[in-house]
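Containing CSV, C-alpha atoms: data-v9.csv.
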```
chain,number,residue,atom,x,y,z
U,236,MET,CA,42.1,-78.4,107.7
U,237,ASP,CA,44.4,-81.2,106.5
U,238,LEU,CA,46.7,-81.2,103.5
U,239,TYR,CA,46.9,-84.4,101.4
U,240,PRO,CA,50.0,-84.4,99.2
U,241,ALA,CA,49.4,-86.9,96.4
U,242,VAL,CA,51.6,-89.9,95.7
U,243,ASP,CA,50.5,-91.4,92.3
U,244,VAL,CA,52.1,-94.6,91.1
U,245,GLN,CA,52.1,-96.5,87.9
U,246,GLY,CA,54.3,-99.2,86.5
U,247,GLY,CA,55.9,-99.8,89.9
U,248,ARG,CA,57.2,-96.2,90.2
U,249,MET,CA,56.1,-92.6,90.8
U,250,ALA,CA,53.9,-91.1,88.1
U,251,ARG,CA,55.5,-87.8,89.0
U,252,VAL,CA,58.5,-87.0,91.1
U,253,PRO,CA,58.7,-83.8,93.2
U,254,PRO,CA,61.8,-81.7,92.8
U,255,GLY,CA,64.8,-82.9,94.8
U,256,HIS,CA,63.3,-86.3,95.6
U,257,PRO,CA,64.1,-89.8,94.4
U,258,ASP,CA,61.7,-91.9,92.3
U,259,ASP,CA,60.7,-93.8,95.4
U,260,PRO,CA,57.1,-93.5,96.8
U,261,LEU,CA,58.1,-94.4,100.3
U,262,ALA,CA,61.0,-91.9,100.3
U,263,VAL,CA,58.7,-89.2,99.1
U,264,ALA,CA,56.1,-90.1,101.8
U,265,ARG,CA,58.7,-90.0,104.5
U,266,ALA,CA,59.9,-86.6,103.3
U,267,PHE,CA,56.4,-85.3,103.4
U,268,ALA,CA,56.1,-86.6,106.9
U,269,ALA,CA,59.4,-85.0,107.9
U,270,ALA,CA,58.1,-81.7,106.5
U,271,GLY,CA,55.0,-81.9,108.8
U,272,ALA,CA,52.3,-83.6,106.7
U,273,ARG,CA,49.9,-85.8,108.6
U,274,TRP,CA,48.4,-87.5,105.6
U,275,VAL,CA,49.3,-88.6,102.1
U,276,HIS,CA,46.8,-89.4,99.3
U,277,PHE,CA,48.0,-92.6,97.5
U,278,VAL,CA,46.6,-93.6,94.1
U,279,ASP,CA,47.5,-96.6,91.9
U,280,LEU,CA,46.8,-95.1,88.5
U,281,ASP,CA,47.2,-98.5,86.8
U,282,ARG,CA,44.4,-99.9,88.9
U,283,ALA,CA,42.3,-96.8,88.5
U,284,TYR,CA,42.4,-97.1,84.7
U,285,GLY,CA,42.3,-100.8,84.3
U,286,ARG,CA,45.9,-101.3,83.3
U,287,GLY,CA,46.8,-103.8,86.0
U,288,ASP,CA,47.8,-102.9,89.5
U,289,ASN,CA,50.7,-102.2,91.9
U,290,ARG,CA,49.5,-104.2,94.8
U,291,ALA,CA,52.9,-105.2,96.1
U,292,LEU,CA,54.0,-101.6,96.0
U,293,ALA,CA,50.8,-100.5,97.7
U,294,ARG,CA,51.2,-103.1,100.4
U,295,ARG,CA,54.8,-102.0,101.1
U,296,PHE,CA,53.8,-98.4,101.1
U,297,LEU,CA,50.9,-98.9,103.6
U,298,ALA,CA,53.1,-100.9,105.9
U,299,ASP,CA,56.1,-98.5,105.9
U,300,ALA,CA,54.8,-95.0,105.3
U,301,ASP,CA,55.4,-92.7,108.3
U,302,LEU,CA,52.0,-90.9,108.1
U,303,ARG,CA,48.3,-91.7,107.6
U,304,VAL,CA,47.5,-92.9,104.1
U,305,GLN,CA,44.3,-92.2,102.3
U,306,VAL,CA,43.9,-94.5,99.3
U,307,GLY,CA,41.9,-93.7,96.2
U,308,GLY,CA,41.6,-94.7,92.6
U,309,GLY,CA,39.8,-97.7,91.2
U,310,LEU,CA,38.6,-99.2,94.5
U,311,ALA,CA,35.1,-100.4,93.8
U,312,THR,CA,34.9,-104.0,95.2
U,313,GLU,CA,34.5,-104.8,98.9
U,314,GLU,CA,37.5,-107.2,98.6
U,315,ALA,CA,39.8,-104.5,97.2
U,316,ILE,CA,38.7,-101.9,99.8
U,317,THR,CA,39.0,-104.3,102.7
U,318,GLU,CA,42.5,-105.4,101.5
U,319,MET,CA,43.8,-101.8,101.5
U,320,LEU,CA,42.3,-101.2,105.0
U,321,ASP,CA,43.8,-104.5,106.3
U,322,TRP,CA,47.2,-103.5,104.9
U,323,GLY,CA,47.1,-100.3,107.0
U,324,ALA,CA,45.3,-97.6,105.0
U,325,ALA,CA,43.8,-95.1,107.4
U,326,ARG,CA,41.0,-94.3,105.0
U,327,VAL,CA,39.8,-95.7,101.6
U,328,VAL,CA,38.0,-93.4,99.1
U,329,VAL,CA,35.2,-95.5,97.5
U,330,GLY,CA,34.2,-94.5,94.0
U,331,ALA,CA,30.8,-92.9,93.4
U,332,ALA,CA,29.5,-95.8,91.3
U,333,ALA,CA,30.2,-98.2,94.2
U,334,ALA,CA,28.9,-95.8,96.8
U,335,ALA,CA,25.7,-95.5,94.9
U,336,ASP,CA,25.1,-99.1,95.8
U,337,ALA,CA,23.4,-98.5,99.2
U,338,ALA,CA,23.7,-102.1,100.3
U,339,ARG,CA,27.4,-102.3,99.5
U,340,LEU,CA,28.1,-99.0,101.3
U,341,THR,CA,26.2,-100.2,104.4
U,342,ARG,CA,28.3,-103.3,104.5
U,343,LEU,CA,31.5,-101.4,104.3
U,344,LEU,CA,30.5,-98.9,107.0
U,345,SER,CA,29.3,-101.7,109.2
U,346,ARG,CA,32.6,-103.6,108.8
U,347,HIS,CA,35.1,-100.7,108.8
U,348,GLY,CA,33.4,-97.6,110.4
U,349,ALA,CA,32.8,-94.2,109.0
U,350,GLU,CA,36.3,-92.9,109.9
U,351,ARG,CA,37.9,-95.3,107.5
U,352,VAL,CA,35.5,-95.0,104.5
U,353,ALA,CA,35.1,-91.9,102.4
U,354,VAL,CA,33.3,-91.4,99.1
U,355,ALA,CA,34.7,-89.9,95.9
U,356,ILE,CA,32.4,-87.4,94.2
U,357,ASP,CA,33.8,-86.7,90.7
U,358,ALA,CA,31.6,-84.2,89.0
U,359,LYS,CA,31.1,-82.2,85.8
U,360,GLY,CA,28.4,-79.6,85.6
U,361,GLY,CA,26.7,-80.8,88.8
U,362,ARG,CA,26.4,-84.4,87.5
U,363,LEU,CA,28.4,-87.4,88.7
U,364,VAL,CA,31.0,-88.6,86.3
U,365,PRO,CA,32.8,-91.6,87.8
U,366,ARG,CA,36.3,-92.0,86.3
U,367,GLY,CA,38.6,-94.9,85.5
U,368,ALA,CA,37.9,-98.6,85.1
U,369,ALA,CA,35.2,-98.5,87.7
U,370,GLY,CA,33.3,-95.7,86.1
U,371,THR,CA,30.2,-96.2,84.1
U,372,GLY,CA,29.8,-92.7,82.6
U,373,ALA,CA,27.5,-90.2,84.2
U,374,LEU,CA,25.3,-91.7,86.9
U,375,ASP,CA,21.6,-90.8,87.1
U,376,LEU,CA,22.2,-88.8,90.2
U,377,THR,CA,23.1,-85.2,90.9
U,378,VAL,CA,26.1,-84.4,93.2
U,379,ALA,CA,23.7,-83.3,95.9
U,380,GLU,CA,21.5,-86.4,95.7
U,381,LEU,CA,24.5,-88.7,96.2
U,382,ALA,CA,25.9,-86.5,98.9
U,383,ARG,CA,22.6,-86.6,100.8
U,384,ARG,CA,22.3,-90.3,100.4
U,385,VAL,CA,25.7,-91.2,101.6
U,386,ARG,CA,25.5,-88.8,104.6
U,387,ALA,CA,22.2,-90.4,105.6
U,388,GLN,CA,24.0,-93.8,105.5
U,389,GLY,CA,26.7,-92.5,107.9
U,390,ILE,CA,29.5,-91.3,105.7
U,391,HIS,CA,31.4,-88.3,107.2
U,392,THR,CA,34.0,-87.5,104.5
U,393,VAL,CA,33.8,-87.0,100.7
U,394,VAL,CA,36.6,-86.2,98.3
U,395,TYR,CA,35.2,-83.8,95.7
U,396,THR,CA,36.7,-83.3,92.3
U,397,ASP,CA,35.5,-81.2,89.4
U,398,VAL,CA,36.9,-83.4,86.6
U,399,THR,CA,37.4,-80.5,84.3
U,400,ARG,CA,39.9,-78.9,86.7
U,401,ASP,CA,41.8,-82.0,87.8
U,402,GLY,CA,45.4,-81.8,86.7
U,403,ALA,CA,44.7,-78.5,84.9
U,404,LEU,CA,46.0,-76.1,87.5
U,405,ALA,CA,42.8,-74.1,87.1
U,406,GLY,CA,42.0,-73.8,90.8
U,407,PRO,CA,39.7,-76.0,92.8
U,408,ASP,CA,35.9,-75.8,92.6
U,409,VAL,CA,35.5,-74.2,96.0
U,410,ASP,CA,31.9,-73.2,95.5
U,411,GLY,CA,31.0,-76.8,94.5
U,412,ALA,CA,32.8,-78.2,97.5
U,413,ARG,CA,31.2,-75.7,99.9
U,414,ALA,CA,27.7,-76.7,98.6
U,415,ILE,CA,28.4,-80.3,99.6
U,416,ALA,CA,29.9,-79.2,103.0
U,417,ALA,CA,26.6,-77.3,103.6
U,418,LEU,CA,24.8,-80.7,103.6
U,419,GLY,CA,26.8,-81.7,106.7
U,420,LEU,CA,29.8,-83.5,105.2
U,421,ASP,CA,33.5,-83.0,105.7
U,422,VAL,CA,34.8,-82.2,102.2
U,423,VAL,CA,38.3,-82.6,100.9
U,424,ALA,CA,38.8,-80.6,97.7
U,425,SER,CA,40.7,-82.3,95.0
U,426,GLY,CA,41.8,-81.2,91.6
U,427,GLY,CA,43.0,-77.9,90.3
U,428,VAL,CA,45.1,-76.5,93.1
U,429,ALA,CA,47.8,-74.3,91.5
U,430,SER,CA,48.9,-71.8,94.1
U,431,LEU,CA,49.0,-71.0,97.8
U,432,GLU,CA,46.1,-68.6,97.1
U,433,ASP,CA,44.0,-71.6,96.1
U,434,LEU,CA,44.8,-73.3,99.4
U,435,ALA,CA,43.9,-70.1,101.3
U,436,ARG,CA,40.5,-70.1,99.5
U,437,VAL,CA,39.9,-73.7,100.5
U,438,ARG,CA,40.7,-72.9,104.1
U,439,ALA,CA,38.6,-69.7,104.1
U,440,ALA,CA,35.6,-71.8,102.8
U,441,GLY,CA,35.9,-74.0,106.0
U,442,LEU,CA,36.6,-77.2,104.0
U,443,ALA,CA,38.1,-80.2,105.7
U,444,GLY,CA,41.2,-80.5,103.4
U,445,ALA,CA,42.8,-80.3,100.0
U,446,VAL,CA,44.6,-82.8,97.8
U,447,VAL,CA,47.7,-81.3,96.2
U,448,GLY,CA,49.4,-83.0,93.3
U,449,ARG,CA,50.7,-81.4,90.1
U,450,ALA,CA,51.5,-77.9,91.6
U,451,LEU,CA,53.6,-79.5,94.3
U,452,TYR,CA,55.4,-81.8,91.9
U,453,GLU,CA,56.1,-78.9,89.5
U,454,GLY,CA,57.7,-76.9,92.4
U,455,ARG,CA,55.0,-74.1,92.3
U,456,PHE,CA,55.3,-74.2,96.1
U,457,THR,CA,56.8,-76.5,98.7
U,458,LEU,CA,55.0,-78.7,101.1
U,459,ALA,CA,56.3,-76.6,104.0
U,460,GLN,CA,54.9,-73.4,102.4
U,461,ALA,CA,51.5,-75.2,101.8
U,462,LEU,CA,51.3,-76.3,105.4
U,463,ALA,CA,52.3,-72.8,106.6
U,464,CYS,CA,49.5,-71.4,104.5
U,465,LEU,CA,46.9,-73.5,106.2
U,466,THR,CA,48.0,-72.5,109.7
U,467,ALA,CA,48.7,-68.8,109.0
```
Would you mind giving the structure from this file in C-alpha cells?
Amino acid sequence: MDLYPAVDVQGGRMARVPPGHPDDPLAVARAFAAAGARWVHFVDLDRAYGRGDNRALARRFLADADLRVQVGGGLATEEAITEMLDWGAARVVVGAAAAADAARLTRLLSRHGAERVAVAIDAKGGRLVPRGAAGTGALDLTVAELARRVRAQGIHTVVYTDVTRDGALAGPDVDGARAIAALGLDVVASGGVASLEDLARVRAAGLAGAVVGRALYEGRFTLAQALACLTA
C-alpha cells in the first residue's frame, strides 16, 4: 500500500502548509521524500476550479521533486494530460467526465500506457459527481458502471473519493472503495482521512493506497507515523 501526501497549490503557493515547513511546494515534497514517501499527490486547485492555472509551478515541481508525482485536478483534455506526463508526472488522474469518453481514454492509454493513466471516481450516494471546472454534474452512470468500463479498457488504478467526506475529516469511504477494488482495480482512497486508525482501515481492506491531506497539514499525525502505520 502506498501513501500519497497531498500538495495542493493555488495562486502560485501552497493552499495549506504543514507544520514546520516553508510555503514552498518543492521544499515540502523533498521533506516528504526524506521522511520516506515514495509518492506525492499534486493538485493545481486554480486549474481544477477554472480560476486559471499554475503551469509554471507545476512544471518546476515535476522536474525537481525527489519522488514520484501523481497529478490530479482539472485534467480533462488530452493536451493537458500529455503535457503533465511529458513534464515528468509518473501518473495523471483523469477526471470521470473525460474517462467516460471511451475513445479519448483509449487514445490516452495507447499513447501513455496504463501505468501512467488513472481515473478519478468522485461519488455521492453511488452516483458519479465530477467536480471542478471539468465537471458536468452527475453523470448518467453509476460508480460500478464506470469502474467496469474503464477496467475493460485497460485502466489499472482509480482514485476514489466520496465527495461528502473530502476535507471533512469524516473518515474515508472504505466500503465504497472496497467495492470498486472487488471489480479488479487498484483503488487509492481519497478524502476524509483523519487519523492513523483510518489509514489502518484502508490497509486492512487491501486497498492500493490513500491520499492524505488536511489531517497531515493540521498535524493530527506526521508523515513518518502514517508510513509506519502502513508497515506495522
Polymer residues at most 7 Å from stretch 282-297 of chain U, only C-alpha atoms, same-chain spacing of 6 or more positions, as a PDB file with C-alpha atoms, in the frame of the given file:
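Everything below was put into result29.pdb:
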```
ATOM      1  CA  GLY U 247      55.900 -99.800  89.900  1.00  0.00           C
ATOM      2  CA  LEU U 261      58.100 -94.400 100.300  1.00  0.00           C
ATOM      3  CA  VAL U 304      47.500 -92.900 104.100  1.00  0.00           C
ATOM      4  CA  GLY U 308      41.600 -94.700  92.600  1.00  0.00           C
ATOM      5  CA  GLY U 309      39.800 -97.700  91.200  1.00  0.00           C
ATOM      6  CA  TRP U 322      47.200-103.500 104.900  1.00  0.00           C
ATOM      7  CA  GLY U 323      47.100-100.300 107.000  1.00  0.00           C
ATOM      8  CA  ALA U 324      45.300 -97.600 105.000  1.00  0.00           C
ATOM      9  CA  GLY U 367      38.600 -94.900  85.500  1.00  0.00           C
ATOM     10  CA  ALA U 368      37.900 -98.600  85.100  1.00  0.00           C
TER      11      ALA U 368
END
```
Item to check | Contacts of stretch 407-413 of chain U at 8 Å (all atoms listed in the file; same-chain gap of 5+ positions) as a PyMOL selection string | outcome: chain U and resi 395-397+400+422-428+433+436-437+440-442
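Distances here use only C-alpha atoms; by that measure, the residue among U:Leu344, U:Val242, U:Leu434, U:Ala262 closest to U:Ala387 is U:Leu344.
Coordinates place atom CA of U:Gly361 at a distance of 25.8 Å from atom CA of U:Pro240.
In this comparison, which uses all atoms listed in the file, the residue of U:Ala382, U:Val393, U:Met236, U:Leu431 approaching U:Glu350 most closely is U:Val393.
With all atoms listed in the file as the atoms that count, the minimum distance from U:Asp336 to the choices U:Asp259, U:Asp301, U:Glu453, U:Glu313 is reached by U:Glu313.
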Next on the checklist: Using only C-alpha atoms, which protein or nucleic acid residues come within 7 Å of U:Ala331? Drop anything in the same chain fewer than 3 positions from it, and give the result as a ChimeraX atom specification.
Outcome noted: /U:334-335,354-356,365
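Nearest to U:Tyr452 of all the residues U:His347, U:Leu381, U:Gly402, U:Arg265 is U:Gly402, counting only C-alpha atoms.
Considering the residues U:Gln388, U:Val446, U:Leu280, U:Arg303 and counting all atoms listed in the file, U:Leu458 has its shortest atom-to-atom contact with U:Val446.
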Next on the checklist: For U:Val328, find every residue with an atom within 9 Å (counting all atoms listed in the file), except residues of its own chain fewer than 3 positions away, and show them as an NGL selection string.
Outcome noted: :U and (305-308 or 310 or 316 or 351-355 or 392-394)
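Closest to U:Lys359 among U:Ala325, U:Thr457, U:Thr399, U:Arg386 is U:Thr399, based on all atoms listed in the file.
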Checklist outcome for this item: Atom pair atom CA of U:Cys464 + atom CA of U:Leu404, distance 18.0 Å
Checklist entry - Got a sec: who's within 10 Å of U:Ser430, counting only C-alpha atoms, leaving out chain neighbours fewer than 5 positions off, as a VMD selection string? => result chain U and resid 404 to 406 435 447 450 to 451 455 to 456 461
If you keep C-alpha atoms, can you produce a file of those selected residues as an mmCIF file, keeping the file's coordinate frame?
```
data_model
loop_
_atom_site.group_PDB
_atom_site.id
_atom_site.type_symbol
_atom_site.label_atom_id
_atom_site.label_comp_id
_atom_site.auth_asym_id
_atom_site.auth_seq_id
_atom_site.Cartn_x
_atom_site.Cartn_y
_atom_site.Cartn_z
ATOM 1 C CA LEU U 404 46.000 -76.100 87.500
ATOM 2 C CA ALA U 405 42.800 -74.100 87.100
ATOM 3 C CA GLY U 406 42.000 -73.800 90.800
ATOM 4 C CA ALA U 435 43.900 -70.100 101.300
ATOM 5 C CA VAL U 447 47.700 -81.300 96.200
ATOM 6 C CA ALA U 450 51.500 -77.900 91.600
ATOM 7 C CA LEU U 451 53.600 -79.500 94.300
ATOM 8 C CA ARG U 455 55.000 -74.100 92.300
ATOM 9 C CA PHE U 456 55.300 -74.200 96.100
ATOM 10 C CA ALA U 461 51.500 -75.200 101.800
#
```
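The space between atom CA of U:Arg384 and atom CA of U:Val364 spans 16.7 Å.
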